[in-house]
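J.: Sharing a structure with you now.
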Amino acid sequence: MHRLKNLGRLAGAIATVTMLVPYPASAQQPSEQAQLFSLVSQAEWLDRKCDAFTPEGQFVYREMRRRLMLGRLDSEYDQLLARVAPNFTAPCGDLPRREALGEIRDYFNRQGEFMLALHHFLPADTACKGARDTAHLRPRAARAWQALSARGGDAPSAEVMASQAEILEDHCQQAAQSPVSFMAPGAHLGTFMAQDMEAIYAKPAAYRGTIVLRYLHDGEAPDFDKMTGFRDPDETRGEDMVAAGAMTLEGGFELAVLTDSRLVLTAAKGEYDAHPVPARAFLMAGATSYEGSRVPGPAGSTSARFVFDRADSAALLASSTGPETVTIRLLDETGAERFAEKEYEVRRRRGREIVFEKRKAIVPVEPFRMALEYHRAPRFD
(Lines give C-alpha, C1' and ligand atoms only; values in the text may rest on other atoms or scores of the structure.)
Protein backbone atom coordinates (compact mmCIF):
# COMPACT_ATOMS: atom_id res chain seq x y z
CA MET A 1 0.00 0.00 0.00
CA HIS A 2 2.88 2.36 0.75
CA ARG A 3 4.21 1.93 -2.79
CA LEU A 4 0.76 2.62 -4.24
CA LYS A 5 0.44 5.86 -2.30
CA ASN A 6 3.90 6.82 -3.51
CA LEU A 7 2.76 6.22 -7.09
CA GLY A 8 -0.08 8.64 -6.47
CA ARG A 9 2.34 11.27 -5.17
CA LEU A 10 4.55 10.86 -8.23
CA ALA A 11 1.66 10.95 -10.68
CA GLY A 12 0.42 14.14 -9.06
CA ALA A 13 3.72 15.72 -10.03
CA ILE A 14 2.77 15.47 -13.70
CA ALA A 15 0.66 18.61 -13.31
CA THR A 16 3.68 20.63 -12.18
CA VAL A 17 6.20 19.45 -14.78
CA THR A 18 7.55 22.51 -16.55
CA MET A 19 10.88 21.20 -17.83
CA LEU A 20 11.81 17.55 -18.02
CA VAL A 21 15.28 16.42 -17.01
CA PRO A 22 17.33 13.54 -18.46
CA TYR A 23 16.73 10.05 -17.10
CA PRO A 24 18.01 9.41 -14.51
CA ALA A 25 18.79 12.69 -12.76
CA SER A 26 21.31 10.91 -10.53
CA ALA A 27 22.08 7.36 -9.58
CA GLN A 28 21.21 8.03 -5.94
CA GLN A 29 18.14 10.24 -6.21
CA PRO A 30 16.22 10.08 -9.49
CA SER A 31 13.98 13.06 -10.11
CA GLU A 32 10.20 12.76 -9.88
CA GLN A 33 10.06 13.03 -13.67
CA ALA A 34 12.55 10.17 -13.99
CA GLN A 35 10.49 8.04 -11.62
CA LEU A 36 7.37 8.87 -13.63
CA PHE A 37 9.13 7.78 -16.81
CA SER A 38 10.05 4.50 -15.12
CA LEU A 39 6.48 4.02 -13.88
CA VAL A 40 4.96 4.65 -17.31
CA SER A 41 7.48 2.43 -19.13
CA GLN A 42 6.73 -0.44 -16.77
CA ALA A 43 3.01 0.07 -17.39
CA GLU A 44 3.61 -0.13 -21.13
CA TRP A 45 5.56 -3.37 -20.81
CA LEU A 46 2.87 -4.80 -18.56
CA ASP A 47 0.25 -3.81 -21.15
CA ARG A 48 2.22 -5.58 -23.86
CA LYS A 49 2.69 -8.82 -21.93
CA CYS A 50 -0.63 -9.09 -20.08
CA ASP A 51 -4.26 -8.06 -20.38
CA ALA A 52 -3.92 -5.85 -17.30
CA PHE A 53 -5.56 -2.48 -17.89
CA THR A 54 -9.07 -1.22 -18.38
CA PRO A 55 -9.56 1.13 -21.35
CA GLU A 56 -9.52 4.02 -18.86
CA GLY A 57 -6.33 2.74 -17.21
CA GLN A 58 -4.69 2.53 -20.63
CA PHE A 59 -5.73 6.11 -21.32
CA VAL A 60 -4.16 7.41 -18.09
CA TYR A 61 -0.72 5.83 -18.51
CA ARG A 62 -0.58 6.81 -22.18
CA GLU A 63 -1.67 10.37 -21.48
CA MET A 64 1.01 10.65 -18.81
CA ARG A 65 3.58 9.33 -21.29
CA ARG A 66 2.44 11.80 -23.95
CA ARG A 67 2.86 14.73 -21.59
CA LEU A 68 6.23 13.54 -20.35
CA MET A 69 7.39 13.25 -23.96
CA LEU A 70 6.52 16.85 -24.91
CA GLY A 71 9.71 18.30 -26.36
CA ARG A 72 11.55 14.97 -26.24
CA LEU A 73 12.66 12.48 -28.88
CA ASP A 74 11.08 9.04 -29.18
CA SER A 75 14.57 7.54 -28.93
CA GLU A 76 14.83 8.70 -25.30
CA TYR A 77 11.74 6.72 -24.39
CA ASP A 78 12.98 3.75 -26.43
CA GLN A 79 16.15 3.71 -24.35
CA LEU A 80 14.11 3.68 -21.17
CA LEU A 81 11.96 0.83 -22.46
CA ALA A 82 15.16 -1.07 -23.16
CA ARG A 83 16.40 -0.47 -19.59
CA VAL A 84 13.36 -2.11 -18.03
CA ALA A 85 12.95 -4.79 -20.73
CA PRO A 86 14.96 -7.46 -18.81
CA ASN A 87 12.17 -7.50 -16.21
CA PHE A 88 9.62 -8.42 -18.88
CA THR A 89 11.21 -11.24 -20.87
CA ALA A 90 9.07 -13.97 -19.26
CA PRO A 91 5.48 -14.76 -20.26
CA CYS A 92 2.77 -12.89 -18.39
CA GLY A 93 2.18 -15.62 -15.80
CA ASP A 94 5.90 -15.85 -14.94
CA LEU A 95 6.76 -12.16 -14.68
CA PRO A 96 8.84 -11.31 -11.59
CA ARG A 97 7.87 -8.65 -9.04
CA ARG A 98 4.16 -9.46 -9.51
CA GLU A 99 3.13 -7.61 -6.35
CA ALA A 100 4.74 -4.38 -7.56
CA LEU A 101 3.29 -4.86 -11.05
CA GLY A 102 -0.12 -5.46 -9.50
CA GLU A 103 0.15 -2.12 -7.72
CA ILE A 104 1.01 -0.40 -11.00
CA ARG A 105 -2.02 -2.03 -12.64
CA ASP A 106 -4.29 -1.07 -9.75
CA TYR A 107 -3.00 2.50 -9.67
CA PHE A 108 -3.68 3.26 -13.33
CA ASN A 109 -7.01 1.42 -13.40
CA ARG A 110 -8.20 3.30 -10.30
CA GLN A 111 -7.04 6.60 -11.73
CA GLY A 112 -8.89 5.74 -14.93
CA GLU A 113 -12.03 4.93 -12.96
CA PHE A 114 -11.71 8.24 -11.08
CA MET A 115 -11.22 10.22 -14.31
CA LEU A 116 -14.24 8.53 -15.87
CA ALA A 117 -16.39 9.12 -12.78
CA LEU A 118 -15.57 12.84 -12.93
CA HIS A 119 -17.47 13.03 -16.20
CA HIS A 120 -20.64 12.16 -14.30
CA PHE A 121 -20.37 15.57 -12.60
CA LEU A 122 -19.84 17.61 -15.76
CA PRO A 123 -22.72 19.80 -16.99
CA ALA A 124 -24.88 18.45 -19.81
CA ASP A 125 -23.51 21.12 -22.17
CA THR A 126 -19.90 20.50 -21.14
CA ALA A 127 -17.04 21.89 -23.22
CA CYS A 128 -15.15 18.59 -22.87
CA LYS A 129 -15.13 17.17 -26.38
CA GLY A 130 -16.96 13.86 -26.52
CA ALA A 131 -18.32 14.17 -22.97
CA ARG A 132 -21.88 14.98 -24.08
CA ASP A 133 -22.21 11.40 -25.31
CA THR A 134 -25.30 9.99 -23.59
CA ALA A 135 -25.15 6.66 -25.44
CA HIS A 136 -21.81 5.42 -24.12
CA LEU A 137 -19.74 7.76 -21.96
CA ARG A 138 -22.36 9.19 -19.60
CA PRO A 139 -23.78 5.79 -18.56
CA ARG A 140 -20.26 4.48 -17.99
CA ALA A 141 -19.36 7.56 -15.97
CA ALA A 142 -22.46 7.09 -13.80
CA ARG A 143 -21.55 3.45 -13.16
CA ALA A 144 -17.94 4.40 -12.36
CA TRP A 145 -19.12 6.93 -9.75
CA GLN A 146 -21.55 4.42 -8.28
CA ALA A 147 -18.74 1.85 -7.89
CA LEU A 148 -16.34 4.46 -6.50
CA SER A 149 -18.76 5.86 -3.95
CA ALA A 150 -19.79 2.38 -2.77
CA ARG A 151 -16.26 1.62 -1.58
CA GLY A 152 -16.30 4.04 1.32
CA GLY A 153 -13.02 4.56 3.15
CA ASP A 154 -10.72 6.73 1.03
CA ALA A 155 -13.30 7.20 -1.74
CA PRO A 156 -13.77 10.91 -2.58
CA SER A 157 -17.04 12.55 -1.62
CA ALA A 158 -19.53 13.93 -4.11
CA GLU A 159 -18.43 17.43 -3.10
CA VAL A 160 -14.79 16.67 -3.92
CA MET A 161 -15.79 15.13 -7.24
CA ALA A 162 -17.92 18.16 -8.12
CA SER A 163 -15.02 20.47 -7.30
CA GLN A 164 -12.63 18.42 -9.45
CA ALA A 165 -15.18 18.37 -12.26
CA GLU A 166 -15.28 22.18 -12.20
CA ILE A 167 -11.52 22.24 -12.74
CA LEU A 168 -11.84 19.69 -15.54
CA GLU A 169 -14.59 21.74 -17.18
CA ASP A 170 -12.48 24.90 -16.97
CA HIS A 171 -9.54 23.14 -18.63
CA CYS A 172 -11.80 21.73 -21.34
CA GLN A 173 -13.06 25.24 -22.08
CA GLN A 174 -9.48 26.48 -22.43
CA ALA A 175 -8.58 23.49 -24.61
CA ALA A 176 -11.58 24.18 -26.87
CA GLN A 177 -10.39 27.75 -27.40
CA SER A 178 -6.71 26.91 -28.00
CA PRO A 179 -6.16 23.15 -28.39
CA VAL A 180 -2.55 23.42 -29.58
CA SER A 181 -1.11 25.76 -26.95
CA PHE A 182 -3.03 23.96 -24.22
CA MET A 183 -0.92 20.82 -24.59
CA ALA A 184 1.53 22.20 -22.00
CA PRO A 185 1.91 20.39 -18.66
CA GLY A 186 -0.60 21.49 -16.05
CA ALA A 187 -3.72 20.48 -17.95
CA HIS A 188 -6.04 18.18 -16.06
CA LEU A 189 -5.24 14.57 -16.95
CA GLY A 190 -8.88 14.02 -17.96
CA THR A 191 -9.06 16.94 -20.39
CA PHE A 192 -8.89 14.78 -23.51
CA MET A 193 -10.27 11.57 -22.05
CA ALA A 194 -13.79 11.74 -23.47
CA GLN A 195 -12.69 12.44 -27.02
CA ASP A 196 -10.04 9.70 -26.89
CA MET A 197 -12.49 7.15 -25.47
CA GLU A 198 -15.34 7.99 -27.84
CA ALA A 199 -14.34 5.48 -30.51
CA ILE A 200 -13.31 2.86 -27.95
CA TYR A 201 -16.66 2.94 -26.18
CA ALA A 202 -18.38 2.26 -29.50
CA LYS A 203 -16.36 -0.96 -29.93
CA PRO A 204 -17.85 -4.40 -29.24
CA ALA A 205 -17.59 -5.87 -25.75
CA ALA A 206 -14.78 -8.18 -26.89
CA TYR A 207 -12.49 -5.20 -27.56
CA ARG A 208 -9.49 -5.32 -25.20
CA GLY A 209 -7.12 -2.69 -26.53
CA THR A 210 -4.79 -1.38 -29.23
CA ILE A 211 -1.13 -0.51 -28.81
CA VAL A 212 1.79 0.84 -30.85
CA LEU A 213 4.62 -1.68 -30.50
CA ARG A 214 8.03 -0.11 -30.91
CA TYR A 215 10.58 -2.77 -31.79
CA LEU A 216 13.82 -2.49 -29.83
CA HIS A 217 17.04 -4.01 -31.18
CA ASP A 218 20.10 -3.69 -28.95
CA GLY A 219 18.37 -0.84 -27.14
CA GLU A 220 17.47 1.12 -30.28
CA ALA A 221 14.41 1.38 -32.50
CA PRO A 222 15.37 0.64 -36.13
CA ASP A 223 14.12 2.94 -38.88
CA PHE A 224 10.80 1.33 -39.77
CA ASP A 225 7.10 2.03 -39.71
CA LYS A 226 5.45 1.27 -36.39
CA MET A 227 3.58 -1.94 -35.66
CA THR A 228 0.10 -1.61 -34.19
CA GLY A 229 -1.08 -4.52 -32.06
CA PHE A 230 -4.78 -5.31 -31.78
CA ARG A 231 -7.09 -6.97 -29.29
CA ASP A 232 -9.98 -5.89 -31.46
CA PRO A 233 -12.41 -8.19 -33.33
CA ASP A 234 -13.24 -5.31 -35.69
CA GLU A 235 -9.74 -5.39 -37.22
CA THR A 236 -10.70 -7.71 -40.06
CA ARG A 237 -8.67 -8.24 -43.22
CA GLY A 238 -11.27 -10.21 -45.14
CA GLU A 239 -13.70 -13.01 -44.42
CA ASP A 240 -12.69 -15.01 -41.32
CA MET A 241 -9.45 -13.02 -41.03
CA VAL A 242 -8.90 -10.92 -37.89
CA ALA A 243 -5.60 -9.08 -37.50
CA ALA A 244 -3.44 -9.37 -34.39
CA GLY A 245 -1.20 -6.59 -35.68
CA ALA A 246 -0.42 -4.53 -38.77
CA MET A 247 2.47 -2.46 -40.09
CA THR A 248 1.78 0.28 -42.64
CA LEU A 249 4.54 1.05 -45.11
CA GLU A 250 4.94 3.80 -47.68
CA GLY A 251 3.16 3.52 -51.00
CA GLY A 252 -0.05 1.99 -49.67
CA PHE A 253 1.41 -1.26 -48.35
CA GLU A 254 0.26 -3.00 -45.21
CA LEU A 255 1.74 -6.21 -43.84
CA ALA A 256 -0.46 -7.76 -41.15
CA VAL A 257 -0.36 -10.88 -39.01
CA LEU A 258 -3.67 -12.63 -38.35
CA THR A 259 -4.74 -14.11 -35.04
CA ASP A 260 -4.08 -17.57 -36.53
CA SER A 261 -0.47 -16.47 -37.33
CA ARG A 262 -0.89 -16.15 -41.10
CA LEU A 263 0.68 -13.12 -42.77
CA VAL A 264 -1.38 -10.90 -45.10
CA LEU A 265 -0.08 -8.28 -47.50
CA THR A 266 -2.34 -5.53 -48.83
CA ALA A 267 -0.93 -3.52 -51.73
CA ALA A 268 -2.95 -0.46 -52.64
CA LYS A 269 -2.88 1.57 -55.83
CA GLY A 270 -2.84 5.20 -54.81
CA GLU A 271 -4.42 8.00 -56.81
CA TYR A 272 -1.03 9.13 -58.13
CA ASP A 273 0.66 5.70 -58.15
CA ALA A 274 2.06 4.92 -61.59
CA HIS A 275 2.44 1.23 -60.73
CA PRO A 276 -0.45 -1.12 -61.55
CA VAL A 277 -2.01 -3.30 -58.88
CA PRO A 278 0.30 -6.31 -58.48
CA ALA A 279 -0.73 -9.74 -59.71
CA ARG A 280 1.71 -11.69 -57.51
CA ALA A 281 3.42 -10.94 -54.21
CA PHE A 282 6.38 -12.48 -52.42
CA LEU A 283 8.10 -12.12 -49.08
CA MET A 284 11.84 -12.51 -49.57
CA ALA A 285 13.95 -13.88 -46.72
CA GLY A 286 17.46 -13.92 -48.05
CA ALA A 287 17.47 -16.25 -51.05
CA THR A 288 14.20 -17.88 -50.01
CA SER A 289 10.99 -16.64 -51.58
CA TYR A 290 7.49 -17.13 -50.17
CA GLU A 291 4.52 -16.42 -52.44
CA GLY A 292 1.11 -15.31 -51.18
CA SER A 293 -2.25 -16.37 -52.60
CA ARG A 294 -4.31 -13.52 -53.99
CA VAL A 295 -7.72 -13.02 -52.38
CA PRO A 296 -10.33 -10.27 -52.91
CA GLY A 297 -9.18 -6.88 -51.64
CA PRO A 298 -11.22 -4.47 -49.51
CA ALA A 299 -14.63 -3.74 -51.04
CA GLY A 300 -14.66 -0.68 -53.27
CA SER A 301 -10.87 -0.33 -53.35
CA THR A 302 -8.19 -0.92 -55.98
CA SER A 303 -6.05 -2.86 -53.50
CA ALA A 304 -4.75 -6.35 -54.00
CA ARG A 305 -4.53 -8.67 -51.00
CA PHE A 306 -2.27 -11.70 -50.63
CA VAL A 307 -2.43 -14.33 -47.89
CA PHE A 308 0.60 -16.42 -46.97
CA ASP A 309 -0.28 -19.94 -45.87
CA ARG A 310 0.28 -21.24 -42.35
CA ALA A 311 3.44 -23.19 -43.17
CA ASP A 312 5.19 -20.27 -44.89
CA SER A 313 4.05 -17.81 -42.21
CA ALA A 314 5.26 -20.15 -39.46
CA ALA A 315 8.66 -20.42 -41.16
CA LEU A 316 8.96 -16.63 -41.31
CA LEU A 317 7.75 -16.07 -37.75
CA ALA A 318 9.74 -18.86 -36.07
CA SER A 319 11.61 -17.22 -33.18
CA SER A 320 14.72 -19.42 -33.40
CA THR A 321 15.02 -20.26 -37.11
CA GLY A 322 13.06 -17.49 -38.84
CA PRO A 323 14.70 -14.52 -40.62
CA GLU A 324 15.30 -11.17 -38.92
CA THR A 325 13.89 -9.22 -41.88
CA VAL A 326 11.91 -9.66 -45.09
CA THR A 327 11.52 -7.61 -48.26
CA ILE A 328 8.29 -7.30 -50.25
CA ARG A 329 8.59 -8.21 -53.95
CA LEU A 330 5.74 -7.69 -56.41
CA LEU A 331 5.07 -8.67 -60.02
CA ASP A 332 2.43 -7.13 -62.25
CA GLU A 333 0.55 -9.04 -64.95
CA THR A 334 3.37 -8.42 -67.45
CA GLY A 335 5.97 -9.82 -65.07
CA ALA A 336 7.48 -6.41 -64.33
CA GLU A 337 9.13 -6.38 -60.92
CA ARG A 338 8.55 -3.88 -58.16
CA PHE A 339 9.60 -3.71 -54.51
CA ALA A 340 7.93 -1.95 -51.61
CA GLU A 341 10.03 1.12 -50.85
CA LYS A 342 10.79 3.29 -47.86
CA GLU A 343 12.54 6.60 -47.39
CA TYR A 344 15.65 6.09 -45.25
CA GLU A 345 17.86 8.62 -43.53
CA VAL A 346 21.38 8.33 -44.90
CA ARG A 347 24.43 9.96 -43.30
CA ARG A 348 27.30 10.88 -45.60
CA ARG A 349 30.70 12.51 -45.29
CA ARG A 350 31.35 11.00 -41.90
CA GLY A 351 27.96 12.00 -40.58
CA ARG A 352 28.15 15.68 -41.45
CA GLU A 353 25.44 15.52 -44.10
CA ILE A 354 22.04 13.90 -43.79
CA VAL A 355 20.02 13.02 -46.91
CA PHE A 356 17.03 10.81 -47.60
CA GLU A 357 16.90 8.06 -50.19
CA LYS A 358 14.24 5.66 -51.42
CA ARG A 359 15.30 2.04 -50.99
CA LYS A 360 13.71 -1.37 -50.74
CA ALA A 361 11.77 -1.57 -47.49
CA ILE A 362 13.52 -3.86 -45.00
CA VAL A 363 10.74 -5.12 -42.75
CA PRO A 364 11.74 -6.58 -39.35
CA VAL A 365 9.94 -9.78 -38.37
CA GLU A 366 10.11 -9.44 -34.58
CA PRO A 367 7.26 -6.85 -34.36
CA PHE A 368 4.88 -9.44 -35.83
CA ARG A 369 5.78 -11.88 -33.05
CA MET A 370 5.24 -9.04 -30.58
CA ALA A 371 1.78 -8.37 -32.04
CA LEU A 372 0.80 -12.03 -31.63
CA GLU A 373 2.02 -11.99 -28.02
CA TYR A 374 0.05 -8.81 -27.35
CA HIS A 375 -3.13 -10.19 -28.91
CA ARG A 376 -2.91 -13.51 -27.04
CA ALA A 377 -1.90 -12.02 -23.67
CA PRO A 378 -3.72 -13.58 -20.72
CA ARG A 379 -5.33 -11.56 -17.95
CA PHE A 380 -3.02 -10.35 -15.21
CA ASP A 381 -4.52 -11.93 -12.09
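By order of appearance in the C-alpha coordinates: chains A, B, ..., then residues from 1 within every chain, and ligands from 1 in the order shown.
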Extract the full set of strand (DSSP E) residues from region 171-363 of chain A according to DSSP on the backbone, and format it as a PyMOL selection string.

T.: chain A and resi 209-213+227-231+243-249+253-258+263-267+280-285+288-291+293-295+304-308+325-331+337-339+341-348+353-360+363

J.: Please identify all polymer residues within 8 Å of Leu189 (chain A), counting only C-alpha atoms, omitting same-chain residues fewer than 6 positions from it, and present them as a list of chain:residue names.

T.: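 Skipping anything fewer than 6 positions along the chain leaves A:Val60, A:Glu63, A:Met64, A:Met115.
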
J.: I want to know what sits within 8 Å of region 338-343 of chain A, based on only C-alpha atoms, with residues of the same chain fewer than 6 positions away left out; could you give that as JSON, numbers by chain?

T.: {"A": [249, 250, 251, 253, 327, 328, 329, 330, 331, 356, 357, 358, 359, 360, 361]}

J.: Produce a file of the selected residues containing N, CA and C atoms, as a PDB file, in the first residue's frame.

T.:
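Output (again33.pdb):
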ATOM      1  N   LEU A 249       3.338   0.570 -44.452  1.00  0.00           N
ATOM      2  CA  LEU A 249       4.540   1.053 -45.113  1.00  0.00           C
ATOM      3  C   LEU A 249       4.173   2.098 -46.152  1.00  0.00           C
ATOM      4  N   GLU A 250       5.188   2.785 -46.667  1.00  0.00           N
ATOM      5  CA  GLU A 250       4.937   3.803 -47.677  1.00  0.00           C
ATOM      6  C   GLU A 250       4.376   3.176 -48.948  1.00  0.00           C
ATOM      7  N   GLY A 251       3.662   3.975 -49.715  1.00  0.00           N
ATOM      8  CA  GLY A 251       3.158   3.520 -51.000  1.00  0.00           C
ATOM      9  C   GLY A 251       1.907   2.681 -50.917  1.00  0.00           C
ATOM     10  N   PHE A 253       1.218   0.128 -48.747  1.00  0.00           N
ATOM     11  CA  PHE A 253       1.409  -1.260 -48.351  1.00  0.00           C
ATOM     12  C   PHE A 253       1.078  -1.457 -46.880  1.00  0.00           C
ATOM     13  N   THR A 327      11.819  -8.671 -47.297  1.00  0.00           N
ATOM     14  CA  THR A 327      11.523  -7.610 -48.256  1.00  0.00           C
ATOM     15  C   THR A 327      10.294  -8.032 -49.056  1.00  0.00           C
ATOM     16  N   ILE A 328       9.543  -7.046 -49.536  1.00  0.00           N
ATOM     17  CA  ILE A 328       8.288  -7.303 -50.249  1.00  0.00           C
ATOM     18  C   ILE A 328       8.538  -7.131 -51.748  1.00  0.00           C
ATOM     19  N   ARG A 329       8.375  -8.209 -52.501  1.00  0.00           N
ATOM     20  CA  ARG A 329       8.591  -8.210 -53.954  1.00  0.00           C
ATOM     21  C   ARG A 329       7.260  -8.434 -54.652  1.00  0.00           C
ATOM     22  N   LEU A 330       7.013  -7.640 -55.691  1.00  0.00           N
ATOM     23  CA  LEU A 330       5.737  -7.694 -56.410  1.00  0.00           C
ATOM     24  C   LEU A 330       5.975  -7.864 -57.903  1.00  0.00           C
ATOM     25  N   LEU A 331       5.039  -8.541 -58.557  1.00  0.00           N
ATOM     26  CA  LEU A 331       5.066  -8.670 -60.016  1.00  0.00           C
ATOM     27  C   LEU A 331       3.707  -8.256 -60.558  1.00  0.00           C
ATOM     28  N   PHE A 356      18.043  11.860 -47.636  1.00  0.00           N
ATOM     29  CA  PHE A 356      17.028  10.815 -47.601  1.00  0.00           C
ATOM     30  C   PHE A 356      16.976  10.140 -48.959  1.00  0.00           C
ATOM     31  N   GLU A 357      16.930   8.826 -48.962  1.00  0.00           N
ATOM     32  CA  GLU A 357      16.899   8.058 -50.191  1.00  0.00           C
ATOM     33  C   GLU A 357      15.799   7.016 -50.140  1.00  0.00           C
ATOM     34  N   LYS A 358      15.220   6.739 -51.301  1.00  0.00           N
ATOM     35  CA  LYS A 358      14.244   5.665 -51.419  1.00  0.00           C
ATOM     36  C   LYS A 358      14.994   4.354 -51.659  1.00  0.00           C
ATOM     37  N   ARG A 359      14.686   3.352 -50.837  1.00  0.00           N
ATOM     38  CA  ARG A 359      15.297   2.041 -50.985  1.00  0.00           C
ATOM     39  C   ARG A 359      14.233   0.973 -50.754  1.00  0.00           C
ATOM     40  N   LYS A 360      14.604  -0.262 -51.051  1.00  0.00           N
ATOM     41  CA  LYS A 360      13.708  -1.372 -50.740  1.00  0.00           C
ATOM     42  C   LYS A 360      13.413  -1.359 -49.247  1.00  0.00           C
ATOM     43  N   ALA A 361      12.153  -1.557 -48.903  1.00  0.00           N
ATOM     44  CA  ALA A 361      11.772  -1.574 -47.492  1.00  0.00           C
ATOM     45  C   ALA A 361      12.261  -2.863 -46.843  1.00  0.00           C
TER      46      ALA A 361
END

J.: Which neighbours of Asp47 (chain A) fall inside 10 Å, counting only C-alpha atoms, when residues of the same chain fewer than 6 positions from it are skipped, and could you give them as a PyMOL selection string?

T.: chain A and resi 41+53+58+92+105+209-211+374+377+380

J.: Excluding Leu316 (chain A) and its own-chain neighbours fewer than 6 positions away, which residues fall within 10 Å of it when counting only C-alpha atoms? Please give them as a ChimeraX atom specification.

T.: /A:262-263,283-285,290,310,322-326,365-366,368

J.: Need to verify the contact set: Arg65 (chain A), 8 Å, only C-alpha atoms, exclusion of same-chain residues closer than 4 positions in sequence. Can you return it as number ranges by chain?

T.: A: 37, 40, 61, 69

J.: Store the residues picked out above in a file with N, CA, C and O atoms, as a PDB file, in the first residue's frame.

T.:
ATOM      1  N   PHE A  37       8.757   8.474 -15.590  1.00  0.00           N
ATOM      2  CA  PHE A  37       9.134   7.777 -16.813  1.00  0.00           C
ATOM      3  C   PHE A  37       9.245   6.277 -16.555  1.00  0.00           C
ATOM      4  O   PHE A  37       8.767   5.452 -17.338  1.00  0.00           O
ATOM      5  N   VAL A  40       5.720   4.755 -16.067  1.00  0.00           N
ATOM      6  CA  VAL A  40       4.963   4.650 -17.311  1.00  0.00           C
ATOM      7  C   VAL A  40       5.540   3.558 -18.208  1.00  0.00           C
ATOM      8  O   VAL A  40       4.803   2.794 -18.839  1.00  0.00           O
ATOM      9  N   TYR A  61      -2.179   5.991 -18.395  1.00  0.00           N
ATOM     10  CA  TYR A  61      -0.719   5.834 -18.508  1.00  0.00           C
ATOM     11  C   TYR A  61      -0.215   6.388 -19.839  1.00  0.00           C
ATOM     12  O   TYR A  61       0.885   6.960 -19.914  1.00  0.00           O
ATOM     13  N   MET A  69       6.586  13.239 -22.742  1.00  0.00           N
ATOM     14  CA  MET A  69       7.387  13.245 -23.963  1.00  0.00           C
ATOM     15  C   MET A  69       7.337  14.566 -24.713  1.00  0.00           C
ATOM     16  O   MET A  69       8.000  14.712 -25.738  1.00  0.00           O
TER      17      MET A  69
END

J.: Would you return as number ranges by chain the members of region 119-354 of chain A that DSSP assigns to alpha helix (DSSP H) on this structure's backbone?

T.: A: 137-149, 158-177, 193-201, 310-317

J.: Could you check how far CA of Glu254 (chain A) sits from CA of Asp232 (chain A), in Å to one decimal?

T.: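 According to the coordinates, CA of Glu254 (chain A) and CA of Asp232 (chain A) are separated by 17.4 Å.
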
J.: Residues of region 71-140 of chain A that have any atom at most 8 Å from an atom of region 146-165 of chain A: could you tabulate them with the shortest-distance atom pair and the distance in Å to one decimal, using only C-alpha atoms, ordered by chain and increasing number, as JSON lines?

T.:
{"residue": "A:Glu113", "atom": "CA", "partner": "A:Leu148", "partner_atom": "CA", "distance": 7.8}
{"residue": "A:Phe114", "atom": "CA", "partner": "A:Leu148", "partner_atom": "CA", "distance": 7.5}
{"residue": "A:Ala117", "atom": "CA", "partner": "A:Leu148", "partner_atom": "CA", "distance": 7.8}
{"residue": "A:Leu118", "atom": "CA", "partner": "A:Ala165", "partner_atom": "CA", "distance": 5.6}
{"residue": "A:His119", "atom": "CA", "partner": "A:Ala165", "partner_atom": "CA", "distance": 7.0}
{"residue": "A:Phe121", "atom": "CA", "partner": "A:Ala162", "partner_atom": "CA", "distance": 5.7}
{"residue": "A:Leu122", "atom": "CA", "partner": "A:Ala165", "partner_atom": "CA", "distance": 5.9}
